[in-house]
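Asks: Contents of upload.txt (compact mmCIF, C-alpha atoms) are below:
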# COMPACT_ATOMS: atom_id res chain seq x y z
CA MET A 1 135.16 78.81 134.60
CA ARG A 2 136.41 81.44 136.99
CA VAL A 3 135.79 85.13 136.26
CA ALA A 4 139.49 85.78 135.53
CA ALA A 5 139.67 82.88 133.08
CA PHE A 6 136.49 84.07 131.39
CA ALA A 7 137.96 87.56 131.00
CA LEU A 8 141.09 86.09 129.40
CA ALA A 9 138.95 84.09 126.99
CA CYS A 10 137.06 87.25 126.02
CA ALA A 11 140.33 89.07 125.36
CA ALA A 12 141.64 86.17 123.29
CA HIS A 13 138.57 86.33 121.05
CA GLY A 14 138.75 90.08 120.64
CA TRP A 15 135.77 90.77 122.87
CA ALA A 16 136.90 94.24 123.95
CA ALA A 17 134.18 96.29 125.60
CA ALA A 18 132.63 99.00 123.47
CA ALA A 19 132.53 102.45 125.07
CA GLY A 20 129.91 102.47 127.80
CA CYS A 21 128.75 98.93 127.11
CA GLY A 22 130.69 97.18 129.87
CA GLY A 23 132.75 94.04 129.92
CA LEU A 24 131.37 90.52 129.76
CA VAL A 25 131.30 88.75 133.13
CA HIS A 26 130.84 85.04 133.68
CA HIS A 27 128.05 84.02 136.08
CA ASP A 28 127.57 80.63 137.70
CA VAL A 29 124.16 80.52 136.00
CA GLY A 30 124.22 81.62 132.39
CA GLY A 31 126.33 81.64 129.26
CA ASP A 32 125.53 80.87 125.65
CA TYR A 33 121.78 80.82 124.98
CA THR A 34 122.32 78.39 122.10
CA ASN A 35 124.41 75.94 124.12
CA ALA A 36 122.49 73.09 125.76
CA ASP A 37 124.93 72.83 128.67
CA ASP A 38 124.76 76.55 129.44
CA ARG A 39 120.97 76.53 129.19
CA ALA A 40 120.79 74.23 132.21
CA GLY A 41 120.26 77.27 134.42
CA LEU A 42 117.99 79.11 132.01
CA GLU A 43 114.78 78.13 133.80
CA VAL A 44 116.00 79.73 137.02
CA VAL A 45 116.65 83.09 135.34
CA GLU A 46 113.47 83.02 133.28
CA SER A 47 111.24 81.99 136.20
CA PHE A 48 112.10 85.14 138.12
CA HIS A 49 113.21 87.70 135.53
CA PHE A 50 111.92 86.76 132.08
CA THR A 51 108.39 85.62 132.69
CA ALA A 52 105.64 85.83 130.07
CA GLN A 53 104.51 89.20 131.42
CA VAL A 54 108.04 90.55 131.09
CA GLU A 55 108.51 89.16 127.58
CA HIS A 56 105.22 90.70 126.47
CA LEU A 57 106.14 94.01 128.13
CA VAL A 58 103.21 93.99 130.55
CA SER A 59 105.19 94.62 133.74
CA GLY A 60 108.37 93.62 135.52
CA THR A 61 108.47 90.89 138.14
CA THR A 62 111.41 91.75 140.40
CA ASP A 63 112.27 95.14 138.86
CA THR A 64 111.25 97.42 136.01
CA LEU A 65 110.86 95.79 132.60
CA GLY A 66 114.29 97.13 131.64
CA GLY A 67 115.77 95.77 134.84
CA ASP A 68 114.37 92.27 134.47
CA ILE A 69 115.21 91.96 130.77
CA GLY A 70 118.64 93.44 131.45
CA TYR A 71 119.27 90.92 134.23
CA THR A 72 118.42 88.10 131.81
CA LEU A 73 120.88 89.51 129.27
CA GLU A 74 123.58 89.87 131.92
CA HIS A 75 123.43 86.10 132.38
CA PHE A 76 122.69 85.09 128.78
CA PRO A 77 124.04 87.90 126.54
CA ASN A 78 122.70 86.30 123.35
CA HIS A 79 119.27 85.38 124.75
CA HIS A 80 117.27 85.84 121.53
CA ARG A 81 113.86 86.47 123.04
CA ALA A 82 115.22 88.83 125.69
CA LEU A 83 117.10 90.84 123.05
CA ALA A 84 113.90 91.09 120.99
CA ALA A 85 111.99 92.19 124.09
CA MET A 86 114.57 94.85 124.96
CA ALA A 87 114.43 96.16 121.40
CA LYS A 88 110.61 96.29 121.46
CA LEU A 89 110.69 98.04 124.83
CA GLY A 90 113.02 100.73 123.55
CA LEU A 91 110.93 101.24 120.42
CA ARG A 92 107.65 101.26 122.32
CA ASP A 93 108.83 103.77 124.89
CA LYS A 94 110.84 105.76 122.34
CA THR A 95 114.04 105.54 124.35
CA GLU A 96 117.52 104.17 123.72
CA HIS A 97 117.94 103.43 127.44
CA PRO A 98 114.86 101.83 129.05
CA PRO A 99 114.45 102.64 132.77
CA GLY A 100 116.12 100.04 134.97
CA ALA A 101 118.35 98.69 132.22
CA LYS A 102 122.07 98.99 132.89
CA TYR A 103 122.90 99.65 129.25
CA THR A 104 121.32 101.06 126.10
CA VAL A 105 119.47 98.77 123.70
CA ALA A 106 122.34 99.03 121.20
CA CYS A 107 124.79 98.07 123.95
CA TYR A 108 122.93 94.84 124.65
CA PHE A 109 123.32 93.91 120.98
CA ASP A 110 126.98 94.92 121.11
CA ARG A 111 127.48 92.69 124.14
CA ALA A 112 125.64 89.77 122.50
CA LEU A 113 127.77 90.00 119.36
CA ARG A 114 130.99 90.30 121.33
CA PHE A 115 129.94 87.23 123.26
CA LYS A 116 128.95 85.19 120.19
CA PRO A 117 129.69 86.97 116.90
CA ASP A 118 128.51 84.03 114.78
CA ASP A 119 124.98 83.94 116.25
CA ALA A 120 122.88 84.59 113.15
CA LYS A 121 119.70 85.18 115.14
CA VAL A 122 121.30 88.05 117.07
CA HIS A 123 122.35 89.69 113.79
CA SER A 124 118.81 89.26 112.47
CA ILE A 125 117.12 90.76 115.54
CA PHE A 126 119.60 93.62 115.61
CA GLY A 127 118.98 94.28 111.93
CA GLY A 128 115.25 94.48 112.54
CA TYR A 129 115.77 96.91 115.40
CA LEU A 130 118.04 99.16 113.32
CA LEU A 131 115.55 99.07 110.47
CA SER A 132 112.80 100.21 112.83
CA LEU A 133 115.02 103.18 113.72
CA GLY A 134 115.43 104.01 110.03
CA GLN A 135 119.12 103.06 110.02
CA THR A 136 118.97 101.16 106.73
CA GLY A 137 122.73 100.96 106.12
CA PRO A 138 123.64 99.32 109.44
CA ALA A 139 120.46 97.20 109.25
CA LEU A 140 121.49 95.88 105.84
CA GLU A 141 124.92 94.95 107.20
CA GLN A 142 123.36 92.94 110.04
CA LEU A 143 120.78 91.19 107.84
CA ARG A 144 123.41 90.27 105.26
CA GLU A 145 125.52 88.73 107.99
CA ALA A 146 122.52 86.79 109.33
CA ALA A 147 121.86 85.35 105.86
CA ARG A 148 125.56 84.56 105.38
CA LEU A 149 125.77 82.70 108.69
CA GLU A 150 122.55 80.78 108.05
CA PRO A 151 122.22 80.42 104.27
CA ASP A 152 119.31 78.00 104.67
CA ASN A 153 117.29 80.28 106.96
CA ALA A 154 114.28 81.38 104.92
CA THR A 155 113.35 84.19 107.32
CA ALA A 156 116.81 85.77 107.05
CA HIS A 157 116.53 85.93 103.26
CA TYR A 158 112.96 87.21 103.42
CA ASN A 159 113.91 90.08 105.76
CA LEU A 160 116.91 90.89 103.60
CA GLY A 161 114.64 90.99 100.55
CA LEU A 162 112.30 93.44 102.27
CA LEU A 163 115.18 95.77 103.01
CA TYR A 164 116.53 95.58 99.45
CA LEU A 165 113.02 96.36 98.21
CA ARG A 166 112.84 99.40 100.49
CA GLN A 167 116.07 100.59 98.89
CA HIS A 168 114.63 99.95 95.39
CA ASP A 169 117.37 97.41 94.73
CA TYR A 170 114.98 95.15 92.85
CA ALA A 171 117.50 92.64 91.53
CA GLN A 172 118.79 91.90 95.02
CA ALA A 173 115.28 91.92 96.47
CA ARG A 174 114.08 89.42 93.88
CA ALA A 175 117.09 87.16 94.43
CA ALA A 176 116.54 87.18 98.19
CA ALA A 177 112.82 86.51 97.71
CA GLU A 178 113.47 83.59 95.38
CA ARG A 179 115.86 82.11 97.91
CA ALA A 180 113.39 82.60 100.79
CA TYR A 181 110.51 80.98 98.93
CA ALA A 182 112.69 78.15 97.65
CA LEU A 183 113.47 77.45 101.31
CA GLY A 184 109.75 77.35 102.11
CA PHE A 185 108.99 80.79 103.55
CA PRO A 186 105.16 80.86 103.89
CA LEU A 187 104.19 84.55 103.74
CA PRO A 188 103.55 86.14 100.31
CA GLY A 189 104.15 89.75 101.37
CA LEU A 190 107.53 90.21 99.69
CA LYS A 191 106.37 88.49 96.52
CA ASN A 192 103.26 90.66 96.39
CA LYS A 193 105.32 93.82 96.80
CA LEU A 194 107.61 92.73 93.98
CA ILE A 195 104.61 91.98 91.77
CA ALA A 196 103.19 95.43 92.52
CA ALA A 197 106.54 96.95 91.52
CA GLY A 198 106.59 94.92 88.29
CA GLN A 199 109.64 93.02 89.49
CA TRP A 200 108.31 89.46 89.66
CA THR A 201 108.49 87.29 86.56
CA ALA A 202 107.32 83.85 85.53
CA ALA A 203 110.90 82.65 85.93
CA SER A 204 110.89 83.67 89.59
CA ALA A 205 110.18 81.18 92.35
CA PRO A 206 106.46 80.46 92.98
As a first step, turn the structure in this file into structure tokens.
Replies:
Amino acid sequence: MRVAAFALACAAHGWAAAAGCGGLVHHDVGGDYTNADDRAGLEVVESFHFTAQVEHLVSGTTDTLGGDIGYTLEHFPNHHRALAAMAKLGLRDKTEHPPGAKYTVACYFDRALRFKPDDAKVHSIFGGYLLSLGQTGPALEQLREAARLEPDNATAHYNLGLLYLRQHDYAQARAAAERAYALGFPLPGLKNKLIAAGQWTAASAP
């Protein structure tokens, strides 16, 4: 697809650029991280810009950490692991705009969701990032959307339950926990917190 055609497709889907977050540009290598055809060039990008040391925030390979992760996200806007790494970098360094990155952390999520608004994993990662910033309202919105898009994703329901619990919305927290455990979520943390709050009953999921 040529750049002009890609721009028209973005406009047709309502992918208007948020202020300061830039437009989406098609590259010969890149595209949808969840699409097998687009992922054909993923190894090339990851080999040079999203190596293990970049993902684990040790050091950049061709640029700063922000530059290498940002490059990856320029080519694959909804690259789940790169988005998580960018979020961790911003939180670790206590900055909204990591050095070398073209955009802010929030902008990379904005770009990912403009590119593929129905990517549940992006909503989930964004929700976790917002929660780490203490933005519980926006975080709840993202986690709800993640659970709606993937109703059988145990992790999405578990994370949603943790947020409801933080807000002392015990009925919603218990419902999310029951759904997560019914789907096989292995960690007992949410259940234990509900038990400690006196909000887990014999009728609840095991």
Asks: Mind working out the centre and edge lengths of an axis-aligned box for range 128-138 of chain A, all listed atoms inside, 6 Å added to each side, rounded to one decimal in Å and written as lines of an AutoDock Vina configuration file?
Replies:
center_x = 118.2
center_y = 99.2
center_z = 110.8
size_x = 22.8
size_y = 21.5
size_z = 21.3
Asks: Each residue of range 96-192 of chain A lying at most 12 Å from range 43-63 of chain A should get a row with its shortest atom-to-atom pair and the distance in Å to one decimal, counting all atoms listed in the file; could you produce that, ordered by chain and increasing number, as a tab-separated table?
Replies:
residue	atom	partner	partner_atom	distance
A:Pro98	CA	A:Leu57	CA	11.7
A:Pro99	CA	A:Asp63	CA	9.9
A:Gly100	CA	A:Asp63	CA	7.3
A:Ala101	CA	A:Asp63	CA	9.7
Asks: Pick from A:Thr95, A:Gly134, A:Ala112, A:Leu65: nearest to Leu24 in chain A, with only C-alpha atoms counted?
Replies: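 Between A:Thr95, A:Gly134, A:Ala112, A:Leu65, the residue approaching Leu24 in chain A most closely is A:Ala112.
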Asks: Compile the contact shell of range 137-149 of chain A as JSON, numbers by chain: residues with an atom at most 8 Å away, counting only C-alpha atoms, same-chain residues fewer than 4 positions apart removed.
Replies: {"A": [118, 119, 120, 121, 122, 123, 124, 126, 127, 128, 129, 130, 131, 153, 156, 157, 159, 160, 163]}
Asks: I'd like to know which of A:Gly20, A:Pro117, A:Gly41, A:Gly31 is closest to Tyr103 in chain A, using all atoms listed in the file.
Replies: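 With all atoms listed in the file as the atom set, the closest residue is A:Gly20.
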